[in-house]
Amino acid sequence: MGEKHKPKLAVWKFGSCAGCQLALLNLEDELLEIAGAVEIAYFLEASRAAVKGPYDLSLAEGSITTPHDAERIREVRRTSRYLVAIGACATGGGIQALRNFADADDFVRTVYATPKYIETLAESMPVSDHVHVDFELRGCPVNGRQLLELTSAFLHGRRPNIPTYSLCIECKQRQIPCVMVSKGTACLGPVTQAGCGALCPAHNRGCYGCFGPMETPNPEALSEQWKRLGLRDEEIVRAYRGFTAAAEAFKKESEAREKQAIQS
Amino acid sequence: MSTHAGEKEIQTSTRLPALMVPHRFYVQKVKRETRDTYTLELQPQNTPGELRFAPGQFNMLYVFGVGEVPISISGDPARPDLLLHTVRAVGAVTKAICRLKPGGVLGVRGPFGAHWPVEEAAGADVIIVAGGIGLAPLRPVVYHILSGRERYGRVALLYGARNPDEIMYRRELSHWTERPEIDTHITVDKAEAGWEGNVGVVTTLIPKAEFDPQATVAIVCGPEIMMRFTVIELKKRGVSEEKIYISMERNMQCGTGSCGHCQIGPYFVCKDGPVFRFDLIQPFFGKREI
Amino acid sequence: MTGFPAKIGSRAVLERRNLQKLFDVLSTQGYRIIGPTVRDGVIAYGELSSVDDLPAGWTDEQEGAFYRLKKGEGNALFHYGTGPDSLKRFLYPPLVRLWKARREDSGFRIVEENDEPPKYAFIGVHPCDLHAVAIQDKVLMTGEYADPFYALRRRKVFVVAVNCVKAGGTCFCVSMKTGPKATAGFDLALTEILEEERHYLVAEIGSEAGASVLREIPHKEASASEQAAAEEAVAEAARRMGRVLDITGIRDLLYENLEHPFWDEAAHRCLTCGNCTMVCPTCFCTTVEDVTDLSGEVAARLRRWDSCFTGEFTYIHGGSVRASARSRYRQWLVHKLAAWLDQFGTLGCVGCGRCITWCPVGIDITAVARALREKKAAGLPAPAGTPEKQGDRHEHACR
């Protein structure tokens with residue numbers, strides 16, 4: 001790099017809790033290093049100083065939930081060489097995508113005294129539904145190590161080592177006994193993408209699916225196993241309607257189970 | 001430096017076999033072959049060492065900090081002091097390789113893999129069929145044959161490119177076309193204005209080549225579909241499967257048959273291949289998702 | 001001690017109360033002792049500091065997708081089935097750094113690293129796992145390219161095997177001829193006997209190193225009745241084996257049915273999660289990650305366990321060769337029970353049952369192999385060739 005200009009980094013927030021931006025800020029040891037390697041041009045969570053685009057690398061957090069968001073993300077895309085969607089909201093619609101399963105207007109009318117001031121889209125959608133993204137970094141929140149790996153890979157023009165396989169591969173490598181097999185705990189690990197380091201199974205809990213569907217998910221087979229473990233369809237629906245409810249594979253499965261729950 | 005959450009890699013001693021670590025080579029020269037394909041001339045950085053190889057073998061090429069890819073050797077086996085690789089820029093690593101300038105450094109591991117049957121073919125007719133960049137691992141075969149032309153019967157080189165712009169090694173090809181040693185034919189799938197040569201897939205060239213099917217060794221390299229149809233045509237002409245050799249492409253990482261990625265049935269493509277005698281690979285060749 | 005000549009092949013008896021001495025001797029010799037211990041609700045290999053870390057009084061119950069830790073008979077130390085991990089974790093760790101390099105003006109330089117790998121003593125290794133090590137030896141230490149990471153660890157190993165006196169619910173070592181009795185690959189092999197008034201171990205000496213360790217532990221020659229008790233305990237385990245896998249002609253059965261519609265059914269339940277490959281003691285596939293630090297001054301190559309169930313595994317420019325669950329499941333099974341034989345002269349399965357127990361949906365390799373055999377015998381749909389193959393009546397000519 002040396003004398004060459006430092007790549008300009010921008011971090012954008014859409015419909016989200018800002019937790020993924022915090023994951024970036026929480027990289028205390030490496031944050032200075034990042035600041036040394038890139039010019040942090042736009043990152044309101046960290047600094048009010050905003051440098052104009054175009055940007056070399058844009059990280060977009062949050063889902064697209066309003067017409068204004070939809071407009072803004074197009075502008076971000078236009079001014080960014082690389083656009084990376086970060087986190088469950090930006091890559092899968094987030095927890096707020098639960099509204100996709102109901103009528104958004106109903107919610108607006110219930111929550112707001114003057115609904116006419118609220119302008120919202122019917123569905124909370126991932127960034128990729130609106131513009132082309134160069135990479136999607138999953139997680140609720142994103143994993144700091146993966147964020148670093150992504151940044152480092154971007155800076156040096158290599159492919160990031162971000163696996164899309166199941167959480168189980170990571171879980172087993174970390175020597176965690178399977179909670180589903182050894183304790184009968186329902187776990188979304190087999191259909192969820194790796195990346196968090198099998199955080200929940202490491203603490204004796206089943207995976208909540210924060211990283212969204214893995215590359216070739218088979219939720220139907222997993223649900224059948226859950227039924228053998230004694231879960232009811234309603235419980236299965238709830239498990240898939242978490243942080244990545246709008247991700248296609250999870251959405252399809254939760255809808256299928258919902259139908260069965262109604263029938264039974 | 002692990003990329004995964006909360007883990008630490010285990011280190012070990014440096015008693016690593018030479019084939020496990022990249023050796024530094026200097027880029028001497030870069031020649032642009034087509035829009036996205038370049039030939040690099042490489043020389044070892046430290047030792048005045050040589051990289052002896054047999055036609056059809058490959059190296060793993062590493063760009064510092066970017067990654068490593070398998071690339072077949074496209075130079076002259078009689079010149080082990082000069083390592084040649086022809087690379088098409090399609091992914092992060094190959095693009096980084098193609099961006100290298102003279103003086104740049106590349107890591108090299110190899111050579112790996114089985115080679116073309118240039119010794120077994122002595123005394124027989126040889127038909128070489130290349131599709132696209134598949135010509136690169138076949139060029140060493142041509143060099144080898146030319147260096148001892150009298151040891152072979154009739155030799156034909158059939159080369160198919162997608163379009164005239166995709167033709168590599170132009171100067172050499174036209175040289176070979178003009179000379180009698182090798183019966184060279186070129187075709188393109190799609191012609192453009194000004195192209196006066198053959199148009200059609202490479203198999204359409206097979207009838208143009210003269211050879212004795214009973215005493216011919218066929219050497220075929222290109223996309224799988226092209227190899228499949230070439231084999232069918234060659235068999236129609238009477239060449240038996242034991243005399244046909246193809247080169248397979250799979251995900252190769254270690255080069256030593258231990259990472260497991262490149263398996264096809266019982267074979268590790270990196271170690272048992274990439275060159276296979278067709279009758280041996282046939283039970284697994286062309287099978288969906290094998 | 002007695003005049004018993006501790007030599008290879010002879011059998012001695014150790015009283016349970018003297019077993020700590022084995023730990024002491026091995027520690028003194030600089031070994032890190034790895035053995036079964038209760039951890040997170042399973043009996044798994046871990047580092048042991050004394051005999052008290054062994055799972056005394058614990059056992060397990062296993063079925064497809066099911067494992068439960070249970071109270072066992074008395075205070076038996078070694079009455080467990082295989083746990084989720086094998087020796088693979090220690091001899092072929094899930095993540096190693098192959099090398100590290102620094103950027104230099106003229107390119108890069110590989111940084112020398114000189115960490116000595118640990119010296120492991122494994123206690124309580126089941127015969128199936130010994131066979132798995134023997135298979136990994138073939139895969140990783142023979143032939144043109146030996147793996148130095150494996151070899152350095154492997155060569156220093158001391159093994160105290162334990163003959164199985166309790167067959168697990170998912171294992172089938174009798175079918176695979178890998179147990180329940182250890183026949184090779186150990187320094188000492190123990191058979192645990194619990195009697196009303198007595199708790200002892202019959203120890204077979206498997207190597208000179210084993211003999212010399214034994215000489216430092218109070219022991220006596222095993223009597224005929226003690227030996228018979230040990231034989232009977234193992235024979236009983238063999239009779240109670242949970243599963244059967246008929247390996248007659250298994251290689252050809254698989255190769256000849258690569259295109260059988262059966263694979264679609266088999267893959268229907270498969271999650272492509274890769275658990276089976278992670279717990280398998282012989283699966284050896286790895287991937288490399290080329291990484292850099294943020295500055296780009298330091299680069300490294302990491303090697304990580306990989307699985308043939310991932311998409312990246314067969315990725316070449318243009319996509320994955322094996323995109324479907326069907327093809328990945330087939331690859332795994334055909335590799336284990338057919339291709340492995342061609343590659344390494346042995347099957348890749350030792351009958352430990354881990355892939356059955358730890359498959360989250362309990363897919364059973366023995367049931368799958370049996371179903372394929374039965375469908376074949378029943379003359380169900382003939383293997384369907386790919387369209388371009390159908391006209392080509394060339395028989396499969398496997399090596």
# chains A, B, ... in the order shown; residues from 1 in each chain; ligands from 1
call {"tool": "residues_around", "arguments": {"residues": "region 261-277 of chain C", "least_positions_apart": "2", "cutoff": "8 Å", "atoms": "only C-alpha atoms", "output": "mmCIF file with N, CA and C atoms, in the first residue's frame"}}
result
data_model
loop_
_atom_site.group_PDB
_atom_site.id
_atom_site.type_symbol
_atom_site.label_atom_id
_atom_site.label_comp_id
_atom_site.auth_asym_id
_atom_site.auth_seq_id
_atom_site.Cartn_x
_atom_site.Cartn_y
_atom_site.Cartn_z
ATOM 1 N N TYR A 165 -20.700 -23.395 5.205
ATOM 2 C CA TYR A 165 -21.202 -24.698 5.662
ATOM 3 C C TYR A 165 -21.894 -24.567 7.012
ATOM 4 N N SER A 166 -22.306 -25.732 7.561
ATOM 5 C CA SER A 166 -23.130 -25.729 8.776
ATOM 6 C C SER A 166 -22.337 -25.344 10.013
ATOM 7 N N LEU A 167 -23.087 -24.935 11.012
ATOM 8 C CA LEU A 167 -22.490 -24.634 12.306
ATOM 9 C C LEU A 167 -21.857 -25.883 12.914
ATOM 10 N N CYS A 168 -22.418 -27.056 12.604
ATOM 11 C CA CYS A 168 -21.935 -28.306 13.210
ATOM 12 C C CYS A 168 -20.447 -28.500 12.966
ATOM 13 N N ILE A 169 -19.976 -28.130 11.788
ATOM 14 C CA ILE A 169 -18.570 -28.350 11.456
ATOM 15 C C ILE A 169 -17.691 -27.551 12.406
ATOM 16 N N LYS A 172 -18.169 -29.113 16.100
ATOM 17 C CA LYS A 172 -17.405 -30.334 16.302
ATOM 18 C C LYS A 172 -15.914 -30.030 16.401
ATOM 19 N N PRO A 190 -27.532 -27.609 12.480
ATOM 20 C CA PRO A 190 -27.349 -28.328 11.214
ATOM 21 C C PRO A 190 -27.849 -27.582 9.977
ATOM 22 N N VAL A 191 -28.743 -26.590 10.180
ATOM 23 C CA VAL A 191 -29.239 -25.859 9.009
ATOM 24 C C VAL A 191 -28.731 -24.418 8.989
ATOM 25 N N THR A 216 -26.622 -25.449 1.950
ATOM 26 C CA THR A 216 -27.584 -26.430 1.429
ATOM 27 C C THR A 216 -28.465 -26.920 2.575
ATOM 28 N N PRO A 217 -29.330 -26.055 3.080
ATOM 29 C CA PRO A 217 -30.091 -26.431 4.280
ATOM 30 C C PRO A 217 -31.191 -27.445 3.977
ATOM 31 N N ASN A 218 -31.459 -28.289 4.939
ATOM 32 C CA ASN A 218 -32.552 -29.254 4.824
ATOM 33 C C ASN A 218 -33.421 -29.147 6.083
ATOM 34 N N PRO A 219 -34.121 -28.005 6.239
ATOM 35 C CA PRO A 219 -34.884 -27.785 7.475
ATOM 36 C C PRO A 219 -35.981 -28.813 7.683
ATOM 37 N N ALA A 221 -35.946 -32.042 7.147
ATOM 38 C CA ALA A 221 -35.425 -33.224 7.834
ATOM 39 C C ALA A 221 -35.121 -32.901 9.291
ATOM 40 N N LEU A 222 -34.656 -31.698 9.529
ATOM 41 C CA LEU A 222 -34.352 -31.313 10.916
ATOM 42 C C LEU A 222 -35.646 -31.215 11.728
ATOM 43 N N GLU C 259 -25.362 -44.790 -9.913
ATOM 44 C CA GLU C 259 -26.477 -43.998 -10.448
ATOM 45 C C GLU C 259 -27.822 -44.556 -9.993
ATOM 46 N N VAL C 279 -16.799 -36.523 13.192
ATOM 47 C CA VAL C 279 -16.606 -37.523 14.244
ATOM 48 C C VAL C 279 -15.925 -38.783 13.742
ATOM 49 N N CYS C 280 -15.904 -38.996 12.439
ATOM 50 C CA CYS C 280 -15.289 -40.205 11.897
ATOM 51 C C CYS C 280 -13.807 -40.215 12.235
ATOM 52 N N CYS C 283 -11.784 -40.134 8.632
ATOM 53 C CA CYS C 283 -11.944 -39.044 7.667
ATOM 54 C C CYS C 283 -10.749 -38.091 7.794
ATOM 55 N N SER C 307 -14.905 -31.176 5.068
ATOM 56 C CA SER C 307 -15.883 -32.236 4.908
ATOM 57 C C SER C 307 -16.346 -32.297 3.461
ATOM 58 N N CYS C 308 -16.517 -33.535 2.959
ATOM 59 C CA CYS C 308 -17.001 -33.706 1.594
ATOM 60 C C CYS C 308 -18.476 -33.333 1.484
ATOM 61 N N PHE C 309 -19.097 -32.941 2.603
ATOM 62 C CA PHE C 309 -20.496 -32.512 2.574
ATOM 63 C C PHE C 309 -20.641 -31.009 2.323
ATOM 64 N N THR C 310 -19.540 -30.298 2.168
ATOM 65 C CA THR C 310 -19.650 -28.856 1.925
ATOM 66 C C THR C 310 -19.593 -28.560 0.428
ATOM 67 N N ALA C 325 -27.189 -32.892 -2.243
ATOM 68 C CA ALA C 325 -26.974 -33.712 -1.053
ATOM 69 C C ALA C 325 -26.752 -35.163 -1.479
ATOM 70 N N ARG C 326 -27.489 -35.568 -2.496
ATOM 71 C CA ARG C 326 -27.376 -36.934 -3.005
ATOM 72 C C ARG C 326 -25.931 -37.265 -3.374
ATOM 73 N N SER C 327 -25.308 -36.364 -4.128
ATOM 74 C CA SER C 327 -23.954 -36.653 -4.594
ATOM 75 C C SER C 327 -22.946 -36.594 -3.449
ATOM 76 N N ARG C 328 -23.203 -35.752 -2.470
ATOM 77 C CA ARG C 328 -22.260 -35.656 -1.354
ATOM 78 C C ARG C 328 -22.369 -36.875 -0.455
ATOM 79 N N TYR C 329 -23.608 -37.283 -0.190
ATOM 80 C CA TYR C 329 -23.777 -38.468 0.647
ATOM 81 C C TYR C 329 -23.161 -39.674 -0.057
ATOM 82 N N ARG C 330 -23.415 -39.784 -1.351
ATOM 83 C CA ARG C 330 -22.862 -40.896 -2.120
ATOM 84 C C ARG C 330 -21.343 -40.881 -2.069
ATOM 85 N N ARG C 354 -19.768 -43.932 15.403
ATOM 86 C CA ARG C 354 -19.890 -42.497 15.714
ATOM 87 C C ARG C 354 -20.805 -41.779 14.725
ATOM 88 N N CYS C 355 -20.677 -42.122 13.434
ATOM 89 C CA CYS C 355 -21.468 -41.390 12.438
ATOM 90 C C CYS C 355 -22.958 -41.640 12.644
ATOM 91 N N ILE C 356 -23.301 -42.774 13.264
ATOM 92 C CA ILE C 356 -24.715 -43.074 13.511
ATOM 93 C C ILE C 356 -25.204 -42.297 14.731
ATOM 94 N N TRP C 358 -23.896 -39.627 16.173
ATOM 95 C CA TRP C 358 -23.782 -38.167 16.141
ATOM 96 C C TRP C 358 -24.408 -37.517 14.923
ATOM 97 N N CYS C 359 -24.992 -38.340 14.034
ATOM 98 C CA CYS C 359 -25.794 -37.743 12.954
ATOM 99 C C CYS C 359 -27.026 -37.150 13.627
ATOM 100 N N PRO C 360 -27.294 -35.865 13.443
ATOM 101 C CA PRO C 360 -28.420 -35.245 14.155
ATOM 102 C C PRO C 360 -29.763 -35.882 13.821
ATOM 103 N N VAL C 361 -29.843 -36.570 12.664
ATOM 104 C CA VAL C 361 -31.096 -37.240 12.345
ATOM 105 C C VAL C 361 -30.941 -38.762 12.326
ATOM 106 N N ILE C 363 -28.976 -40.985 10.632
ATOM 107 C CA ILE C 363 -28.792 -41.803 9.426
ATOM 108 C C ILE C 363 -27.774 -42.888 9.760
ATOM 109 N N VAL C 368 -28.164 -48.121 5.574
ATOM 110 C CA VAL C 368 -28.076 -47.641 4.191
ATOM 111 C C VAL C 368 -27.419 -48.704 3.314
ATOM 112 N N LEU C 372 -29.305 -50.742 0.249
ATOM 113 C CA LEU C 372 -28.784 -50.749 -1.120
ATOM 114 C C LEU C 372 -28.653 -52.192 -1.608
ATOM 115 N N LYS C 375 -32.186 -53.596 -2.261
ATOM 116 C CA LYS C 375 -32.805 -53.052 -3.476
ATOM 117 C C LYS C 375 -32.175 -53.686 -4.696
ATOM 118 N N PRO C 381 -35.395 -50.774 -9.683
ATOM 119 C CA PRO C 381 -34.882 -50.014 -10.836
ATOM 120 C C PRO C 381 -33.373 -50.178 -11.070
ATOM 121 N N PRO C 383 -29.654 -49.497 -12.265
ATOM 122 C CA PRO C 383 -28.890 -48.251 -12.226
ATOM 123 C C PRO C 383 -29.138 -47.438 -13.489
ATOM 124 N N ALA C 384 -29.616 -46.241 -13.312
ATOM 125 C CA ALA C 384 -29.890 -45.400 -14.481
ATOM 126 C C ALA C 384 -28.646 -44.638 -14.878
#
call {"tool": "residues_around", "arguments": {"residues": "Cys262 (chain B)", "least_positions_apart": "6", "cutoff": "10 Å", "atoms": "only C-alpha atoms", "output": "PyMOL selection string"}}
result
(chain B and resi 248-255+268-271+273-274) or (chain C and resi 313-316+321)
call {"tool": "closest_atom_pairs", "arguments": {"of": "region 207-241 of chain B", "to": "region 48-67 of chain B", "cutoff": "12 Å", "atoms": "only C-alpha atoms", "output": "CSV"}}
result
residue,atom,partner,partner_atom,distance
B:Ile219,CA,B:Gly56,CA,10.2
B:Val220,CA,B:Gly56,CA,10.8
B:Cys221,CA,B:Gly56,CA,9.6
call {"tool": "interface_residues", "arguments": {"of": "chain C", "to": "chain B", "cutoff": "6 Å", "atoms": "only C-alpha atoms", "output": "JSON, numbers by chain"}}
result
{"C": [95, 96, 97, 107, 112, 113, 114, 115, 285, 286, 290, 292, 299, 313, 314, 315, 316, 321, 322, 327, 339, 342, 396]}
call {"tool": "residues_around", "arguments": {"residues": "Ala189 (chain C)", "least_positions_apart": "5", "cutoff": "9 Å", "atoms": "only C-alpha atoms", "output": "PyMOL selection string"}}
result
chain C and resi 124-125+159-163+181-183+202-206
call {"tool": "write_last_selection", "arguments": {"atoms": "N, CA and C atoms", "output": "PDB file, in the first residue's frame"}}
result
ATOM      1  N   GLY C 124      -7.132 -46.028  27.512  1.00  0.00           N
ATOM      2  CA  GLY C 124      -8.543 -46.374  27.319  1.00  0.00           C
ATOM      3  C   GLY C 124      -8.989 -46.323  25.878  1.00  0.00           C
ATOM      4  N   VAL C 125      -8.086 -46.650  24.966  1.00  0.00           N
ATOM      5  CA  VAL C 125      -8.424 -46.592  23.538  1.00  0.00           C
ATOM      6  C   VAL C 125      -9.094 -47.892  23.109  1.00  0.00           C
ATOM      7  N   VAL C 159       0.332 -46.106  23.752  1.00  0.00           N
ATOM      8  CA  VAL C 159      -1.083 -46.451  23.740  1.00  0.00           C
ATOM      9  C   VAL C 159      -1.435 -47.535  24.755  1.00  0.00           C
ATOM     10  N   VAL C 160      -2.347 -47.206  25.649  1.00  0.00           N
ATOM     11  CA  VAL C 160      -2.928 -48.216  26.528  1.00  0.00           C
ATOM     12  C   VAL C 160      -4.344 -48.473  26.008  1.00  0.00           C
ATOM     13  N   ALA C 161      -4.509 -49.589  25.330  1.00  0.00           N
ATOM     14  CA  ALA C 161      -5.818 -49.912  24.761  1.00  0.00           C
ATOM     15  C   ALA C 161      -6.706 -50.520  25.832  1.00  0.00           C
ATOM     16  N   VAL C 162      -7.993 -50.496  25.588  1.00  0.00           N
ATOM     17  CA  VAL C 162      -8.931 -51.188  26.465  1.00  0.00           C
ATOM     18  C   VAL C 162      -9.834 -52.050  25.592  1.00  0.00           C
ATOM     19  N   ASN C 163      -9.833 -53.337  25.886  1.00  0.00           N
ATOM     20  CA  ASN C 163     -10.720 -54.219  25.133  1.00  0.00           C
ATOM     21  C   ASN C 163     -12.153 -53.929  25.546  1.00  0.00           C
ATOM     22  N   LYS C 181     -11.721 -56.972  20.541  1.00  0.00           N
ATOM     23  CA  LYS C 181     -10.445 -57.195  21.201  1.00  0.00           C
ATOM     24  C   LYS C 181      -9.335 -56.547  20.387  1.00  0.00           C
ATOM     25  N   ALA C 182      -8.434 -55.886  21.081  1.00  0.00           N
ATOM     26  CA  ALA C 182      -7.301 -55.254  20.397  1.00  0.00           C
ATOM     27  C   ALA C 182      -6.288 -56.325  20.008  1.00  0.00           C
ATOM     28  N   THR C 183      -5.862 -56.287  18.759  1.00  0.00           N
ATOM     29  CA  THR C 183      -4.914 -57.307  18.315  1.00  0.00           C
ATOM     30  C   THR C 183      -3.555 -56.713  17.966  1.00  0.00           C
ATOM     31  N   VAL C 202      -6.644 -57.166  33.343  1.00  0.00           N
ATOM     32  CA  VAL C 202      -5.700 -58.077  32.691  1.00  0.00           C
ATOM     33  C   VAL C 202      -4.999 -57.255  31.612  1.00  0.00           C
ATOM     34  N   ALA C 203      -3.671 -57.232  31.682  1.00  0.00           N
ATOM     35  CA  ALA C 203      -2.909 -56.392  30.753  1.00  0.00           C
ATOM     36  C   ALA C 203      -2.088 -57.252  29.799  1.00  0.00           C
ATOM     37  N   GLU C 204      -2.354 -57.085  28.521  1.00  0.00           N
ATOM     38  CA  GLU C 204      -1.536 -57.771  27.521  1.00  0.00           C
ATOM     39  C   GLU C 204      -0.452 -56.808  27.070  1.00  0.00           C
ATOM     40  N   ILE C 205       0.768 -57.326  26.979  1.00  0.00           N
ATOM     41  CA  ILE C 205       1.890 -56.469  26.602  1.00  0.00           C
ATOM     42  C   ILE C 205       2.037 -56.482  25.080  1.00  0.00           C
ATOM     43  N   GLY C 206       2.047 -55.298  24.502  1.00  0.00           N
ATOM     44  CA  GLY C 206       2.084 -55.216  23.041  1.00  0.00           C
ATOM     45  C   GLY C 206       3.389 -54.702  22.472  1.00  0.00           C
TER      46      GLY C 206
END
call {"tool": "residues_around", "arguments": {"residues": "Glu33 (chain B)", "least_positions_apart": "2", "cutoff": "12 Å", "atoms": "only C-alpha atoms", "output": "PDB file with C-alpha atoms, in the first residue's frame"}}
result
ATOM      1  CA  VAL B  30       4.954 -11.698 -18.974  1.00  0.00           C
ATOM      2  CA  LYS B  31       3.375 -12.290 -22.334  1.00  0.00           C
ATOM      3  CA  ARG B  35      -7.691 -10.729 -23.526  1.00  0.00           C
ATOM      4  CA  ASP B  36      -7.481 -12.486 -20.147  1.00  0.00           C
ATOM      5  CA  THR B  37      -4.705 -15.035 -20.537  1.00  0.00           C
ATOM      6  CA  TYR B  38      -1.027 -14.495 -19.872  1.00  0.00           C
ATOM      7  CA  THR B  39       2.102 -16.610 -20.001  1.00  0.00           C
ATOM      8  CA  LEU B  40       4.622 -16.021 -17.242  1.00  0.00           C
ATOM      9  CA  HIS B  85       2.848 -21.051 -16.877  1.00  0.00           C
ATOM     10  CA  THR B  86      -0.113 -19.900 -18.918  1.00  0.00           C
ATOM     11  CA  VAL B  87      -2.797 -18.462 -16.679  1.00  0.00           C
ATOM     12  CA  ARG B  88      -6.309 -17.250 -17.353  1.00  0.00           C
ATOM     13  CA  ALA B  89      -7.450 -14.510 -14.995  1.00  0.00           C
ATOM     14  CA  CYS B  98      -1.799 -12.018 -14.195  1.00  0.00           C
ATOM     15  CA  GLY B 132      -9.358 -23.551 -25.126  1.00  0.00           C
ATOM     16  CA  ILE B 133      -6.762 -23.130 -22.426  1.00  0.00           C
ATOM     17  CA  LEU B 135      -3.649 -26.200 -25.069  1.00  0.00           C
ATOM     18  CA  ALA B 136      -1.359 -24.999 -22.252  1.00  0.00           C
ATOM     19  CA  PRO B 164     -10.329 -16.042 -33.091  1.00  0.00           C
ATOM     20  CA  ASP B 165      -9.453 -13.667 -30.231  1.00  0.00           C
ATOM     21  CA  GLU B 166      -9.138 -16.577 -27.844  1.00  0.00           C
ATOM     22  CA  ILE B 167      -6.387 -18.292 -29.790  1.00  0.00           C
ATOM     23  CA  MET B 168      -3.241 -18.519 -27.706  1.00  0.00           C
ATOM     24  CA  TYR B 169       0.371 -19.138 -28.719  1.00  0.00           C
ATOM     25  CA  ARG B 170      -0.374 -17.556 -32.101  1.00  0.00           C
ATOM     26  CA  ARG B 171       3.184 -17.249 -33.348  1.00  0.00           C
ATOM     27  CA  GLU B 172       4.060 -20.813 -32.451  1.00  0.00           C
TER      28      GLU B 172
END
call {"tool": "closest_residue", "arguments": {"among": "A:Val127, A:Ala256, A:Val181, A:Cys196", "to": "chain C", "atoms": "only C-alpha atoms"}}
result
A:Val181
call {"tool": "atom_distance", "arguments": {"atom1": "CA of Glu170 (chain A)", "atom2": "CA of Gly195 (chain A)"}}
result
7.7 Å
call {"tool": "residues_around", "arguments": {"residues": "Ser124 (chain A)", "least_positions_apart": "3", "cutoff": "10 Å", "atoms": "only C-alpha atoms", "output": "MDAnalysis selection string"}}
result
chainID A and resid 15 62:66 89:90 92:100 104 120:121 127 129 246
call {"tool": "write_last_selection", "arguments": {"atoms": "N, CA and C atoms", "output": "short mmCIF file (atom, residue, chain, number, x, y, z; two decimals), in the first residue's frame"}}
result
data_model
loop_
_atom_site.label_atom_id
_atom_site.label_comp_id
_atom_site.auth_asym_id
_atom_site.auth_seq_id
_atom_site.Cartn_x
_atom_site.Cartn_y
_atom_site.Cartn_z
N GLY A 15 -32.44 -0.34 8.87
CA GLY A 15 -33.30 -0.83 9.96
C GLY A 15 -32.58 -1.88 10.79
N GLY A 62 -28.33 -3.42 8.68
CA GLY A 62 -29.76 -3.17 8.76
C GLY A 62 -30.52 -3.60 7.53
N SER A 63 -31.83 -3.76 7.72
CA SER A 63 -32.68 -4.19 6.61
C SER A 63 -33.32 -2.96 5.98
N ILE A 64 -33.89 -3.18 4.83
CA ILE A 64 -34.54 -2.09 4.12
C ILE A 64 -36.03 -2.16 4.47
N THR A 65 -36.49 -1.15 5.21
CA THR A 65 -37.85 -1.23 5.73
C THR A 65 -38.74 -0.05 5.32
N THR A 66 -38.13 1.00 4.79
CA THR A 66 -38.95 2.16 4.39
C THR A 66 -38.59 2.58 2.97
N CYS A 89 -29.90 -8.54 9.79
CA CYS A 89 -30.91 -7.64 9.20
C CYS A 89 -30.59 -7.36 7.74
N ALA A 90 -29.33 -7.02 7.48
CA ALA A 90 -28.93 -6.65 6.12
C ALA A 90 -28.91 -7.85 5.19
N GLY A 92 -30.74 -10.89 5.91
CA GLY A 92 -31.92 -11.75 5.96
C GLY A 92 -33.19 -11.05 6.41
N GLY A 93 -33.13 -9.74 6.56
CA GLY A 93 -34.33 -9.01 6.97
C GLY A 93 -34.43 -8.76 8.46
N GLY A 94 -33.69 -9.56 9.24
CA GLY A 94 -33.65 -9.34 10.68
C GLY A 94 -34.91 -9.75 11.41
N ILE A 95 -34.92 -9.53 12.72
CA ILE A 95 -36.07 -9.91 13.56
C ILE A 95 -37.31 -9.13 13.11
N GLN A 96 -37.07 -7.91 12.58
CA GLN A 96 -38.21 -7.08 12.16
C GLN A 96 -38.91 -7.66 10.93
N ALA A 97 -38.31 -8.65 10.32
CA ALA A 97 -38.97 -9.29 9.17
C ALA A 97 -40.12 -10.17 9.62
N LEU A 98 -40.32 -10.30 10.92
CA LEU A 98 -41.50 -11.03 11.40
C LEU A 98 -42.78 -10.38 10.88
N ARG A 99 -42.66 -9.09 10.59
CA ARG A 99 -43.85 -8.42 10.05
C ARG A 99 -44.20 -8.91 8.66
N ASN A 100 -43.24 -9.53 7.99
CA ASN A 100 -43.51 -10.05 6.64
C ASN A 100 -44.59 -11.14 6.69
N ALA A 104 -48.36 -5.37 7.72
CA ALA A 104 -47.58 -4.29 8.34
C ALA A 104 -48.48 -3.13 8.75
N THR A 120 -43.93 3.12 5.63
CA THR A 120 -43.13 1.90 5.76
C THR A 120 -43.44 0.96 4.62
N LEU A 121 -42.49 0.09 4.33
CA LEU A 121 -42.69 -0.92 3.30
C LEU A 121 -43.44 -2.10 3.92
N VAL A 127 -30.66 -6.26 2.11
CA VAL A 127 -30.10 -5.29 1.17
C VAL A 127 -30.07 -5.85 -0.25
N ASP A 129 -32.03 -7.56 -1.78
CA ASP A 129 -33.30 -7.50 -2.52
C ASP A 129 -33.45 -6.18 -3.25
N ALA A 246 -36.89 -14.24 7.58
CA ALA A 246 -37.23 -14.01 6.17
C ALA A 246 -36.29 -14.70 5.21
#
call {"tool": "residues_around", "arguments": {"residues": "region 45-56 of chain A", "least_positions_apart": "5", "cutoff": "7 Å", "atoms": "only C-alpha atoms", "output": "VMD selection string"}}
result
chain A and resid 7 to 10 79 to 82
